[in-house]
$ cat work-v3.pdb   # PDB, C-alpha atoms and all ligand atoms
ATOM      1  CA  MET A 283     -24.553  16.647  -6.590  1.00  0.00           C
ATOM      2  CA  THR A 284     -27.785  18.698  -6.516  1.00  0.00           C
ATOM      3  CA  MET A 285     -28.711  20.793  -3.468  1.00  0.00           C
ATOM      4  CA  ALA A 286     -31.559  18.386  -2.708  1.00  0.00           C
ATOM      5  CA  ALA A 287     -29.195  15.409  -2.810  1.00  0.00           C
ATOM      6  CA  GLU A 288     -26.709  17.237  -0.584  1.00  0.00           C
ATOM      7  CA  ALA A 289     -29.466  18.007   1.941  1.00  0.00           C
ATOM      8  CA  LEU A 290     -30.441  14.346   2.028  1.00  0.00           C
ATOM      9  CA  GLU A 291     -26.814  13.387   2.660  1.00  0.00           C
ATOM     10  CA  GLN A 292     -26.979  15.596   5.764  1.00  0.00           C
ATOM     11  CA  THR A 293     -30.309  14.211   7.032  1.00  0.00           C
ATOM     12  CA  PRO A 294     -29.525  12.058  10.060  1.00  0.00           C
ATOM     13  CA  LEU A 295     -30.578   8.429   9.700  1.00  0.00           C
ATOM     14  CA  GLU A 296     -31.116   8.121  13.443  1.00  0.00           C
ATOM     15  CA  ALA A 297     -34.578   9.316  14.527  1.00  0.00           C
ATOM     16  CA  LYS A 298     -34.749  12.176  17.023  1.00  0.00           C
ATOM     17  CA  SER A 299     -37.601  10.473  18.858  1.00  0.00           C
ATOM     18  CA  PRO A 300     -40.144   7.666  18.377  1.00  0.00           C
ATOM     19  CA  TYR A 301     -42.647  10.363  17.343  1.00  0.00           C
ATOM     20  CA  GLU A 302     -40.639  11.753  14.430  1.00  0.00           C
ATOM     21  CA  MET A 303     -42.695  11.824  11.225  1.00  0.00           C
ATOM     22  CA  ARG A 304     -40.709  11.606   8.000  1.00  0.00           C
ATOM     23  CA  VAL A 305     -42.369  12.065   4.628  1.00  0.00           C
ATOM     24  CA  HIS A 306     -41.456  12.863   0.989  1.00  0.00           C
ATOM     25  CA  LEU A 307     -37.692  12.649   1.612  1.00  0.00           C
ATOM     26  CA  GLY A 308     -36.942  10.409  -1.370  1.00  0.00           C
ATOM     27  CA  GLU A 309     -39.270  12.031  -3.893  1.00  0.00           C
ATOM     28  CA  GLY A 310     -36.493  13.615  -5.922  1.00  0.00           C
ATOM     29  CA  VAL A 311     -34.853  10.295  -6.811  1.00  0.00           C
ATOM     30  CA  PRO A 312     -35.431   9.461 -10.500  1.00  0.00           C
ATOM     31  CA  ASP A 313     -37.493   6.311 -11.186  1.00  0.00           C
ATOM     32  CA  THR A 314     -34.640   4.643 -13.027  1.00  0.00           C
ATOM     33  CA  ASP A 315     -32.363   5.056  -9.989  1.00  0.00           C
ATOM     34  CA  VAL A 316     -35.056   3.647  -7.716  1.00  0.00           C
ATOM     35  CA  LYS A 317     -35.516   0.574  -9.903  1.00  0.00           C
ATOM     36  CA  SER A 318     -31.817  -0.076 -10.221  1.00  0.00           C
ATOM     37  CA  ALA A 319     -31.228   0.465  -6.489  1.00  0.00           C
ATOM     38  CA  LEU A 320     -33.949  -1.954  -5.477  1.00  0.00           C
ATOM     39  CA  LYS A 321     -32.727  -4.530  -7.966  1.00  0.00           C
ATOM     40  CA  THR A 322     -29.088  -4.467  -6.855  1.00  0.00           C
ATOM     41  CA  GLY A 323     -29.544  -3.692  -3.157  1.00  0.00           C
ATOM     42  CA  ASP A 324     -26.924  -0.954  -3.467  1.00  0.00           C
ATOM     43  CA  MET A 325     -29.354   1.673  -2.233  1.00  0.00           C
ATOM     44  CA  GLY A 326     -32.435   1.459  -0.050  1.00  0.00           C
ATOM     45  CA  PHE A 327     -35.096   3.750   1.342  1.00  0.00           C
ATOM     46  CA  LEU A 328     -34.891   4.184   5.069  1.00  0.00           C
ATOM     47  CA  HIS A 329     -37.400   5.862   7.345  1.00  0.00           C
ATOM     48  CA  SER A 330     -34.940   5.973  10.264  1.00  0.00           C
ATOM     49  CA  TYR A 331     -33.195   3.873  12.842  1.00  0.00           C
ATOM     50  CA  THR A 332     -33.076   3.961  16.589  1.00  0.00           C
ATOM     51  CA  THR A 333     -30.808   2.450  19.206  1.00  0.00           C
ATOM     52  CA  GLY A 334     -31.549   1.130  22.663  1.00  0.00           C
ATOM     53  CA  SER A 335     -34.713  -0.851  21.915  1.00  0.00           C
ATOM     54  CA  PHE A 336     -35.486  -3.825  24.152  1.00  0.00           C
ATOM     55  CA  VAL A 337     -38.815  -4.639  22.482  1.00  0.00           C
ATOM     56  CA  ASP A 338     -37.737  -5.559  18.934  1.00  0.00           C
ATOM     57  CA  GLY A 339     -35.873  -8.801  19.485  1.00  0.00           C
ATOM     58  CA  PRO A 340     -33.500 -10.365  22.012  1.00  0.00           C
ATOM     59  CA  GLY A 341     -31.171  -8.084  23.985  1.00  0.00           C
ATOM     60  CA  MET A 342     -30.614  -4.467  23.074  1.00  0.00           C
ATOM     61  CA  ARG A 343     -31.440  -3.762  19.441  1.00  0.00           C
ATOM     62  CA  LEU A 344     -30.589  -1.233  16.820  1.00  0.00           C
ATOM     63  CA  VAL A 345     -33.843  -1.133  14.845  1.00  0.00           C
ATOM     64  CA  ALA A 346     -34.095   0.241  11.317  1.00  0.00           C
ATOM     65  CA  TRP A 347     -37.336   0.825   9.420  1.00  0.00           C
ATOM     66  CA  THR A 348     -37.379   0.727   5.654  1.00  0.00           C
ATOM     67  CA  THR A 349     -40.115   2.441   3.655  1.00  0.00           C
ATOM     68  CA  SER A 350     -42.575   0.773   1.274  1.00  0.00           C
ATOM     69  CA  CYS A 351     -45.419  -1.489   2.267  1.00  0.00           C
ATOM     70  CA  MET A 352     -48.539  -2.404   0.320  1.00  0.00           C
ATOM     71  CA  PHE A 353     -50.617  -3.769   3.184  1.00  0.00           C
ATOM     72  CA  ARG A 354     -52.184  -0.756   4.921  1.00  0.00           C
ATOM     73  CA  CYS A 355     -53.088  -2.739   8.045  1.00  0.00           C
ATOM     74  CA  ARG A 356     -55.680  -0.927  10.135  1.00  0.00           C
ATOM     75  CA  TYR A 357     -53.560  -1.420  13.249  1.00  0.00           C
ATOM     76  CA  CYS A 358     -50.321  -0.131  11.679  1.00  0.00           C
ATOM     77  CA  HIS A 359     -48.509   2.236  14.014  1.00  0.00           C
ATOM     78  CA  ASN A 360     -46.042   3.632  11.475  1.00  0.00           C
ATOM     79  CA  PRO A 361     -47.998   4.544   8.320  1.00  0.00           C
ATOM     80  CA  ASP A 362     -45.333   7.023   7.232  1.00  0.00           C
ATOM     81  CA  THR A 363     -43.322   3.947   6.211  1.00  0.00           C
ATOM     82  CA  TRP A 364     -45.934   2.857   3.637  1.00  0.00           C
ATOM     83  CA  THR A 365     -44.684   4.988   0.743  1.00  0.00           C
ATOM     84  CA  LEU A 366     -41.241   4.224  -0.654  1.00  0.00           C
ATOM     85  CA  SER A 367     -40.508   7.847  -1.464  1.00  0.00           C
ATOM     86  CA  ASN A 368     -41.092   8.908   2.149  1.00  0.00           C
ATOM     87  CA  GLY A 369     -37.754   7.311   2.963  1.00  0.00           C
ATOM     88  CA  ILE A 370     -34.262   8.721   2.760  1.00  0.00           C
ATOM     89  CA  PRO A 371     -32.373   7.162  -0.153  1.00  0.00           C
ATOM     90  CA  VAL A 372     -29.372   5.595   1.540  1.00  0.00           C
ATOM     91  CA  THR A 373     -26.427   3.885  -0.092  1.00  0.00           C
ATOM     92  CA  LEU A 374     -25.262   0.563   1.267  1.00  0.00           C
ATOM     93  CA  GLU A 375     -22.012   2.135   2.450  1.00  0.00           C
ATOM     94  CA  ARG A 376     -23.792   4.921   4.327  1.00  0.00           C
ATOM     95  CA  ALA A 377     -26.183   2.470   5.994  1.00  0.00           C
ATOM     96  CA  VAL A 378     -23.397   0.213   7.229  1.00  0.00           C
ATOM     97  CA  GLU A 379     -21.173   3.112   8.254  1.00  0.00           C
ATOM     98  CA  GLY A 380     -24.071   4.635  10.216  1.00  0.00           C
ATOM     99  CA  VAL A 381     -24.581   1.570  12.383  1.00  0.00           C
ATOM    100  CA  ARG A 382     -21.050   0.134  12.574  1.00  0.00           C
ATOM    101  CA  LYS A 383     -20.144   2.145  15.679  1.00  0.00           C
ATOM    102  CA  TYR A 384     -22.811   0.339  17.694  1.00  0.00           C
ATOM    103  CA  ALA A 385     -21.688  -3.210  16.839  1.00  0.00           C
ATOM    104  CA  ASN A 386     -19.523  -3.931  19.891  1.00  0.00           C
ATOM    105  CA  GLY A 387     -21.932  -2.347  22.370  1.00  0.00           C
ATOM    106  CA  LEU A 388     -24.897  -4.284  21.043  1.00  0.00           C
ATOM    107  CA  LYS A 389     -22.945  -7.527  20.964  1.00  0.00           C
ATOM    108  CA  SER A 390     -21.892  -7.100  24.602  1.00  0.00           C
ATOM    109  CA  MET A 391     -25.560  -6.640  25.563  1.00  0.00           C
ATOM    110  CA  GLY A 392     -26.703  -9.767  23.730  1.00  0.00           C
ATOM    111  CA  GLY A 393     -28.405  -7.714  21.056  1.00  0.00           C
ATOM    112  CA  GLY A 394     -28.024  -6.941  17.383  1.00  0.00           C
ATOM    113  CA  PHE A 395     -29.644  -5.400  14.342  1.00  0.00           C
ATOM    114  CA  THR A 396     -33.374  -5.655  13.636  1.00  0.00           C
ATOM    115  CA  LEU A 397     -34.803  -4.636  10.271  1.00  0.00           C
ATOM    116  CA  SER A 398     -38.491  -3.779  10.136  1.00  0.00           C
ATOM    117  CA  GLY A 399     -40.673  -1.512   8.073  1.00  0.00           C
ATOM    118  CA  GLY A 400     -42.689  -1.023   6.049  1.00  0.00           C
ATOM    119  CA  GLU A 401     -42.070  -4.375   4.440  1.00  0.00           C
ATOM    120  CA  PRO A 402     -38.291  -4.767   4.390  1.00  0.00           C
ATOM    121  CA  LEU A 403     -38.383  -7.484   1.735  1.00  0.00           C
ATOM    122  CA  MET A 404     -39.457  -4.887  -0.820  1.00  0.00           C
ATOM    123  CA  HIS A 405     -35.681  -4.334  -0.903  1.00  0.00           C
ATOM    124  CA  ASP A 406     -32.952  -6.815  -1.869  1.00  0.00           C
ATOM    125  CA  LEU A 407     -31.155  -7.270   1.447  1.00  0.00           C
ATOM    126  CA  SER A 408     -28.370  -9.664   0.446  1.00  0.00           C
ATOM    127  CA  ASN A 409     -25.536  -7.130   0.369  1.00  0.00           C
ATOM    128  CA  LEU A 410     -26.699  -5.314   3.477  1.00  0.00           C
ATOM    129  CA  THR A 411     -26.855  -8.405   5.683  1.00  0.00           C
ATOM    130  CA  HIS A 412     -23.572  -9.722   4.319  1.00  0.00           C
ATOM    131  CA  LEU A 413     -21.804  -6.513   5.375  1.00  0.00           C
ATOM    132  CA  LEU A 414     -23.593  -6.273   8.727  1.00  0.00           C
ATOM    133  CA  GLN A 415     -22.743  -9.843   9.679  1.00  0.00           C
ATOM    134  CA  ARG A 416     -19.113  -9.232   8.714  1.00  0.00           C
ATOM    135  CA  THR A 417     -19.192  -6.221  11.052  1.00  0.00           C
ATOM    136  CA  GLY A 418     -20.374  -8.476  13.888  1.00  0.00           C
ATOM    137  CA  PHE A 419     -24.093  -7.788  13.969  1.00  0.00           C
ATOM    138  CA  ALA A 420     -26.607 -10.538  14.643  1.00  0.00           C
ATOM    139  CA  THR A 421     -29.293  -9.866  12.021  1.00  0.00           C
ATOM    140  CA  HIS A 422     -33.010 -10.119  12.710  1.00  0.00           C
ATOM    141  CA  ILE A 423     -35.865  -9.314  10.330  1.00  0.00           C
ATOM    142  CA  GLU A 424     -39.557  -8.736  10.871  1.00  0.00           C
ATOM    143  CA  THR A 425     -41.533  -9.393   7.702  1.00  0.00           C
ATOM    144  CA  SER A 426     -44.962 -10.380   6.445  1.00  0.00           C
ATOM    145  CA  GLY A 427     -43.213 -13.166   4.521  1.00  0.00           C
ATOM    146  CA  ALA A 428     -45.154 -12.289   1.370  1.00  0.00           C
ATOM    147  CA  TYR A 429     -42.054 -11.610  -0.771  1.00  0.00           C
ATOM    148  CA  PRO A 430     -39.024 -13.767  -1.578  1.00  0.00           C
ATOM    149  CA  LEU A 431     -36.482 -13.780   1.219  1.00  0.00           C
ATOM    150  CA  THR A 432     -33.222 -12.017   0.460  1.00  0.00           C
ATOM    151  CA  GLY A 433     -30.314 -11.638   2.850  1.00  0.00           C
ATOM    152  CA  SER A 434     -28.757 -13.817   5.506  1.00  0.00           C
ATOM    153  CA  TRP A 435     -30.634 -13.741   8.802  1.00  0.00           C
ATOM    154  CA  ASP A 436     -29.900 -15.032  12.284  1.00  0.00           C
ATOM    155  CA  TRP A 437     -33.575 -14.673  13.212  1.00  0.00           C
ATOM    156  CA  ILE A 438     -36.651 -14.370  11.016  1.00  0.00           C
ATOM    157  CA  CYS A 439     -39.930 -13.206  12.508  1.00  0.00           C
ATOM    158  CA  VAL A 440     -42.869 -13.707  10.152  1.00  0.00           C
ATOM    159  CA  SER A 441     -46.034 -11.768  10.926  1.00  0.00           C
ATOM    160  CA  PRO A 442     -48.473 -12.909   8.231  1.00  0.00           C
ATOM    161  CA  LYS A 443     -51.046 -10.598   6.681  1.00  0.00           C
ATOM    162  CA  LYS A 444     -54.289 -11.961   5.281  1.00  0.00           C
ATOM    163  CA  PHE A 445     -54.265  -9.738   2.167  1.00  0.00           C
ATOM    164  CA  LYS A 446     -51.235 -11.580   0.777  1.00  0.00           C
ATOM    165  CA  ARG A 447     -50.317 -14.887   2.346  1.00  0.00           C
ATOM    166  CA  PRO A 448     -46.711 -15.543   3.294  1.00  0.00           C
ATOM    167  CA  LEU A 449     -44.700 -17.637   0.870  1.00  0.00           C
ATOM    168  CA  LYS A 450     -44.300 -21.248   1.980  1.00  0.00           C
ATOM    169  CA  GLU A 451     -40.532 -21.070   1.642  1.00  0.00           C
ATOM    170  CA  VAL A 452     -40.362 -18.058   3.967  1.00  0.00           C
ATOM    171  CA  LEU A 453     -42.590 -19.725   6.561  1.00  0.00           C
ATOM    172  CA  GLN A 454     -40.335 -22.789   6.477  1.00  0.00           C
ATOM    173  CA  MET A 455     -37.360 -20.560   7.362  1.00  0.00           C
ATOM    174  CA  ALA A 456     -39.183 -18.686  10.152  1.00  0.00           C
ATOM    175  CA  SER A 457     -37.656 -18.658  13.633  1.00  0.00           C
ATOM    176  CA  GLU A 458     -40.773 -17.022  15.009  1.00  0.00           C
ATOM    177  CA  LEU A 459     -44.374 -16.822  13.803  1.00  0.00           C
ATOM    178  CA  LYS A 460     -46.296 -13.889  15.236  1.00  0.00           C
ATOM    179  CA  VAL A 461     -49.985 -13.693  14.393  1.00  0.00           C
ATOM    180  CA  VAL A 462     -52.048 -10.621  15.231  1.00  0.00           C
ATOM    181  CA  VAL A 463     -55.484 -11.644  16.504  1.00  0.00           C
ATOM    182  CA  TYR A 464     -58.295  -9.228  15.671  1.00  0.00           C
ATOM    183  CA  ASN A 465     -61.252 -11.590  15.913  1.00  0.00           C
ATOM    184  CA  LYS A 466     -61.992 -15.252  16.639  1.00  0.00           C
ATOM    185  CA  SER A 467     -61.456 -16.400  13.061  1.00  0.00           C
ATOM    186  CA  ASP A 468     -57.804 -15.382  13.380  1.00  0.00           C
ATOM    187  CA  PHE A 469     -57.099 -18.484  15.496  1.00  0.00           C
ATOM    188  CA  ARG A 470     -57.823 -20.576  12.380  1.00  0.00           C
ATOM    189  CA  TRP A 471     -55.583 -18.258  10.333  1.00  0.00           C
ATOM    190  CA  ALA A 472     -52.842 -18.700  12.925  1.00  0.00           C
ATOM    191  CA  GLU A 473     -53.082 -22.500  12.735  1.00  0.00           C
ATOM    192  CA  ASP A 474     -53.043 -22.442   8.904  1.00  0.00           C
ATOM    193  CA  ASN A 475     -49.703 -20.637   9.041  1.00  0.00           C
ATOM    194  CA  ALA A 476     -48.334 -22.701  11.928  1.00  0.00           C
ATOM    195  CA  ALA A 477     -48.900 -25.845   9.855  1.00  0.00           C
ATOM    196  CA  LEU A 478     -46.194 -24.625   7.454  1.00  0.00           C
ATOM    197  CA  VAL A 479     -43.395 -23.654   9.868  1.00  0.00           C
ATOM    198  CA  SER A 480     -40.631 -25.885  11.236  1.00  0.00           C
ATOM    199  CA  GLN A 481     -40.812 -27.686  14.582  1.00  0.00           C
ATOM    200  CA  GLN A 482     -38.285 -25.226  16.041  1.00  0.00           C
ATOM    201  CA  CYS A 483     -40.304 -22.135  15.153  1.00  0.00           C
ATOM    202  CA  GLN A 484     -41.672 -20.240  18.145  1.00  0.00           C
ATOM    203  CA  LEU A 485     -45.394 -19.460  17.926  1.00  0.00           C
ATOM    204  CA  TYR A 486     -46.942 -16.244  19.240  1.00  0.00           C
ATOM    205  CA  LEU A 487     -50.444 -14.800  19.314  1.00  0.00           C
ATOM    206  CA  GLN A 488     -50.661 -11.046  19.738  1.00  0.00           C
ATOM    207  CA  PRO A 489     -53.896  -9.157  20.508  1.00  0.00           C
ATOM    208  CA  GLU A 490     -54.576  -6.325  18.075  1.00  0.00           C
ATOM    209  CA  TRP A 491     -54.053  -3.234  20.221  1.00  0.00           C
ATOM    210  CA  SER A 492     -57.464  -1.558  19.783  1.00  0.00           C
ATOM    211  CA  LYS A 493     -59.198  -4.802  20.817  1.00  0.00           C
ATOM    212  CA  ALA A 494     -56.670  -5.955  23.383  1.00  0.00           C
ATOM    213  CA  ASN A 495     -59.124  -5.888  26.308  1.00  0.00           C
ATOM    214  CA  ALA A 496     -61.554  -8.243  24.568  1.00  0.00           C
ATOM    215  CA  ILE A 497     -59.069 -10.425  22.695  1.00  0.00           C
ATOM    216  CA  THR A 498     -56.355 -11.006  25.316  1.00  0.00           C
ATOM    217  CA  PRO A 499     -58.573 -13.265  27.509  1.00  0.00           C
ATOM    218  CA  LEU A 500     -59.505 -15.299  24.397  1.00  0.00           C
ATOM    219  CA  ILE A 501     -55.833 -15.748  23.565  1.00  0.00           C
ATOM    220  CA  ILE A 502     -55.042 -16.830  27.115  1.00  0.00           C
ATOM    221  CA  ASP A 503     -57.826 -19.444  26.985  1.00  0.00           C
ATOM    222  CA  TYR A 504     -56.558 -20.618  23.607  1.00  0.00           C
ATOM    223  CA  ILE A 505     -52.987 -20.978  24.853  1.00  0.00           C
ATOM    224  CA  LYS A 506     -54.180 -23.026  27.830  1.00  0.00           C
ATOM    225  CA  SER A 507     -55.609 -25.592  25.424  1.00  0.00           C
ATOM    226  CA  GLN A 508     -52.838 -25.197  22.778  1.00  0.00           C
ATOM    227  CA  PRO A 509     -49.674 -24.694  24.847  1.00  0.00           C
ATOM    228  CA  ARG A 510     -47.289 -24.582  21.906  1.00  0.00           C
ATOM    229  CA  TRP A 511     -48.512 -20.991  21.425  1.00  0.00           C
ATOM    230  CA  GLN A 512     -47.307 -18.101  23.604  1.00  0.00           C
ATOM    231  CA  LEU A 513     -48.699 -14.640  24.270  1.00  0.00           C
ATOM    232  CA  SER A 514     -46.978 -11.690  22.594  1.00  0.00           C
ATOM    233  CA  LEU A 515     -47.739  -8.118  23.610  1.00  0.00           C
ATOM    234  CA  GLN A 516     -46.933  -4.802  21.952  1.00  0.00           C
ATOM    235  CA  ILE A 517     -45.030  -3.679  25.046  1.00  0.00           C
ATOM    236  CA  HIS A 518     -44.324  -0.252  23.552  1.00  0.00           C
ATOM    237  CA  LYS A 519     -48.084   0.454  23.549  1.00  0.00           C
ATOM    238  CA  TYR A 520     -48.348  -0.299  27.260  1.00  0.00           C
ATOM    239  CA  ILE A 521     -45.525   2.131  28.000  1.00  0.00           C
ATOM    240  CA  ASN A 522     -47.002   4.844  25.733  1.00  0.00           C
ATOM    241  CA  ILE A 523     -44.555   4.675  22.849  1.00  0.00           C
ATOM    242  CA  PRO A 524     -46.638   4.865  19.627  1.00  0.00           C
TER     243      PRO A 524
HETATM  244  S1  LIG B 601     -47.390  -4.855   7.195  1.00  0.00           S
HETATM  245 FE1  LIG B 601     -46.547  -3.726   8.933  1.00  0.00          FE
HETATM  246  S2  LIG B 601     -45.825  -1.753   8.068  1.00  0.00           S
HETATM  247 FE2  LIG B 601     -47.197  -2.690   6.563  1.00  0.00          FE
HETATM  248  S3  LIG B 601     -49.194  -1.760   7.002  1.00  0.00           S
HETATM  249 FE3  LIG B 601     -49.088  -3.725   8.113  1.00  0.00          FE
HETATM  250  S4  LIG B 601     -48.338  -3.192  10.153  1.00  0.00           S
HETATM  251 FE4  LIG B 601     -47.904  -1.431   8.802  1.00  0.00          FE
END
$ encode --input "work-v3.pdb" --output "structure tokens"
Amino acid sequence: MTMAAEALEQTPLEAKSPYEMRVHLGEGVPDTDVKSALKTGDMGFLHSYTTGSFVDGPGMRLVAWTTSCMFRCRYCHNPDTWTLSNGIPVTLERAVEGVRKYANGLKSMGGGFTLSGGEPLMHDLSNLTHLLQRTGFATHIETSGAYPLTGSWDWICVSPKKFKRPLKEVLQMASELKVVVYNKSDFRWAEDNAALVSQQCQLYLQPEWSKANAITPLIIDYIKSQPRWQLSLQIHKYINIP
């Protein structure tokens, strides 16, 4: 093992704080290894994970953020996840071993494992979710839905992005549709996506943070006339977590 690889083995996967910036950690991994890892799902690129979140799904969550995302949303609050090579290359075994110790605690608090990003579906997640579910984790993903769904999920949150529409088959599997509203035309965009989800899917409209003061009243008016929608808020912003 090279010194760089050894150093990466020692880099903790758990973030020190919500403010921790991680960049360039996976740059030394040869292209061929990256391609093979992404194809098999035996290795992934992880920004970090954190425990004790109550804002990333039901109950207490262990939340992990993968790296790689092509969208570059203007409201993105974790742009250091955009580039694949910013992430720590992590084997499947290391990822599962790192989170296994939290399984019982999270289960007893009605929580589980949430995978976000970046766009987590840039990775093949079949093996990861299989092992996590065997360990007792309820698995939850937050995705744009623009890539084929891999993995076995107890809850799928699709947050569609206009640059690349979600795949119909992913929308049909969605447990939750969360649409960020930046301007009035986004209500039409929300309805276009809602037309493709199942009857059981929960529908949420979320004001884009920088325009929350102007957009939130519009969303509330919209929900009054279209009560199948609910309001979603980026609670972490209101409590000053970036
Ligand atoms: S899809 Fe998510 S991670 Fe990617 S740029 Fe948009 S907000 Fe950021």
$ residues_near_ligand --input "work-v3.pdb" --ligand "ligand LIG 601 (chain B)" --cutoff "9 Å" --atoms "only C-alpha atoms and all ligand atoms" --output "PyMOL selection string"
chain A and resi 347+349-364+398-402+424-426+441-443
$ atom_distance --input "work-v3.pdb" --atom1 "atom CA of A:Thr421" --atom2 "atom CA of A:Leu513"
23.4 Å
$ closest_residue --input "work-v3.pdb" --among "A:Thr396, A:Phe469, A:Val461, A:Gln415" --to "A:Gly334" --atoms "only C-alpha atoms"
A:Thr396
$ atom_distance --input "work-v3.pdb" --atom1 "atom CA of A:Arg416" --atom2 "atom CA of A:Met404"
22.9 Å
$ closest_residue --input "work-v3.pdb" --among "A:Leu449, A:Met342, A:Val316, A:Val337" --to "A:Gly393" --atoms "only C-alpha atoms"
A:Met342
$ axis_aligned_box --input "work-v3.pdb" --around "stretch 401-412 of chain A" --padding-each-side "8 Å" --output "AutoDock Vina command-line options"
--center_x -32.8 --center_y -7.0 --center_z 1.9 --size_x 34.5 --size_y 21.4 --size_z 23.6
$ closest_residue --input "work-v3.pdb" --among "A:Thr348, A:Asn522, A:Thr332, A:Asn368" --to "A:Val311" --atoms "only C-alpha atoms"
A:Asn368
$ atom_distance --input "work-v3.pdb" --atom1 "atom CA of A:Gln516" --atom2 "atom CA of A:Gly392"
20.9 Å
$ closest_residue --input "work-v3.pdb" --among "A:Val345, A:Glu296, A:Lys506, A:Leu478" --to "A:Lys450" --atoms "all atoms listed in the file"
A:Leu478
$ closest_residue --input "work-v3.pdb" --among "A:Arg382, A:His306, A:Lys460, A:Lys466" --to "A:Cys483" --atoms "all atoms listed in the file"
A:Lys460
$ resolve_selection --input "work-v3.pdb" --expression "the PyMOL selection byres (((chain A and resi 438) around 8) and not hetatm)" --output "list in words"
His422, Ile423, Glu424, Thr425, Trp435, Asp436, Trp437, Cys439, Val440, Met455, Ala456, Ser457 and Glu458 of chain A
$ closest_residue --input "work-v3.pdb" --among "A:Arg447, A:Arg470, A:His329, A:Arg343" --to "A:Ala420" --atoms "all atoms listed in the file"
A:Arg343
$ residues_around --input "work-v3.pdb" --residues "A:Tyr384" --least-positions-apart "6" --cutoff "9 Å" --atoms "only C-alpha atoms" --output "NGL selection string"
:A and (333 or 344 or 394)
$ residues_near_point --input "work-v3.pdb" --point "(-39.2, -10.4, 2.0)" --cutoff "7 Å" --atoms "all atoms listed in the file" --output "PyMOL selection string"
chain A and resi 402-404+425+427-432
$ resolve_selection --input "work-v3.pdb" --expression "the PyMOL selection byres (((chain A and resi 487-504) around 8) and not hetatm)" --output "ChimeraX atom specification"
/A:357,460-465,472,485-486,505-508,511-516,519
$ residues_near_point --input "work-v3.pdb" --point "(-28.3, 1.2, 3.7)" --cutoff "9 Å" --atoms "all atoms listed in the file" --output "PyMOL selection string"
chain A and resi 323-328+371-380+410
$ residues_around --input "work-v3.pdb" --residues "A:His412" --least-positions-apart "5" --cutoff "9 Å" --atoms "all atoms listed in the file" --output "ChimeraX atom specification"
/A:407,417,433-434
$ build_atoms --input "work-v3.pdb" --residues "stretch 369-382 of chain A" --atoms "N, CA and C atoms" --output "compact mmCIF listing (two decimals), keeping the file's coordinate frame"
# COMPACT_ATOMS: atom_id res chain seq x y z
N GLY A 369 -39.02 7.66 2.33
CA GLY A 369 -37.75 7.31 2.96
C GLY A 369 -36.57 8.09 2.43
N ILE A 370 -35.51 8.10 3.21
CA ILE A 370 -34.26 8.72 2.76
C ILE A 370 -33.54 7.71 1.87
N PRO A 371 -33.17 8.10 0.64
CA PRO A 371 -32.37 7.16 -0.15
C PRO A 371 -30.99 7.03 0.47
N VAL A 372 -30.62 5.82 0.80
CA VAL A 372 -29.37 5.60 1.54
C VAL A 372 -28.54 4.54 0.81
N THR A 373 -27.29 4.88 0.54
CA THR A 373 -26.43 3.88 -0.09
C THR A 373 -26.07 2.82 0.94
N LEU A 374 -25.68 1.67 0.41
CA LEU A 374 -25.26 0.56 1.27
C LEU A 374 -24.14 1.00 2.20
N GLU A 375 -23.17 1.71 1.65
CA GLU A 375 -22.01 2.13 2.45
C GLU A 375 -22.46 3.05 3.59
N ARG A 376 -23.35 3.99 3.28
CA ARG A 376 -23.79 4.92 4.33
C ARG A 376 -24.56 4.18 5.42
N ALA A 377 -25.39 3.23 5.01
CA ALA A 377 -26.18 2.47 5.99
C ALA A 377 -25.26 1.71 6.95
N VAL A 378 -24.28 1.03 6.38
CA VAL A 378 -23.40 0.21 7.23
C VAL A 378 -22.53 1.11 8.09
N GLU A 379 -22.02 2.19 7.50
CA GLU A 379 -21.17 3.11 8.25
C GLU A 379 -21.96 3.71 9.43
N GLY A 380 -23.24 4.02 9.18
CA GLY A 380 -24.07 4.64 10.22
C GLY A 380 -24.27 3.76 11.43
N VAL A 381 -24.27 2.45 11.25
CA VAL A 381 -24.58 1.57 12.38
C VAL A 381 -23.35 0.85 12.94
N ARG A 382 -22.25 0.89 12.19
CA ARG A 382 -21.05 0.13 12.57
C ARG A 382 -20.58 0.46 14.00
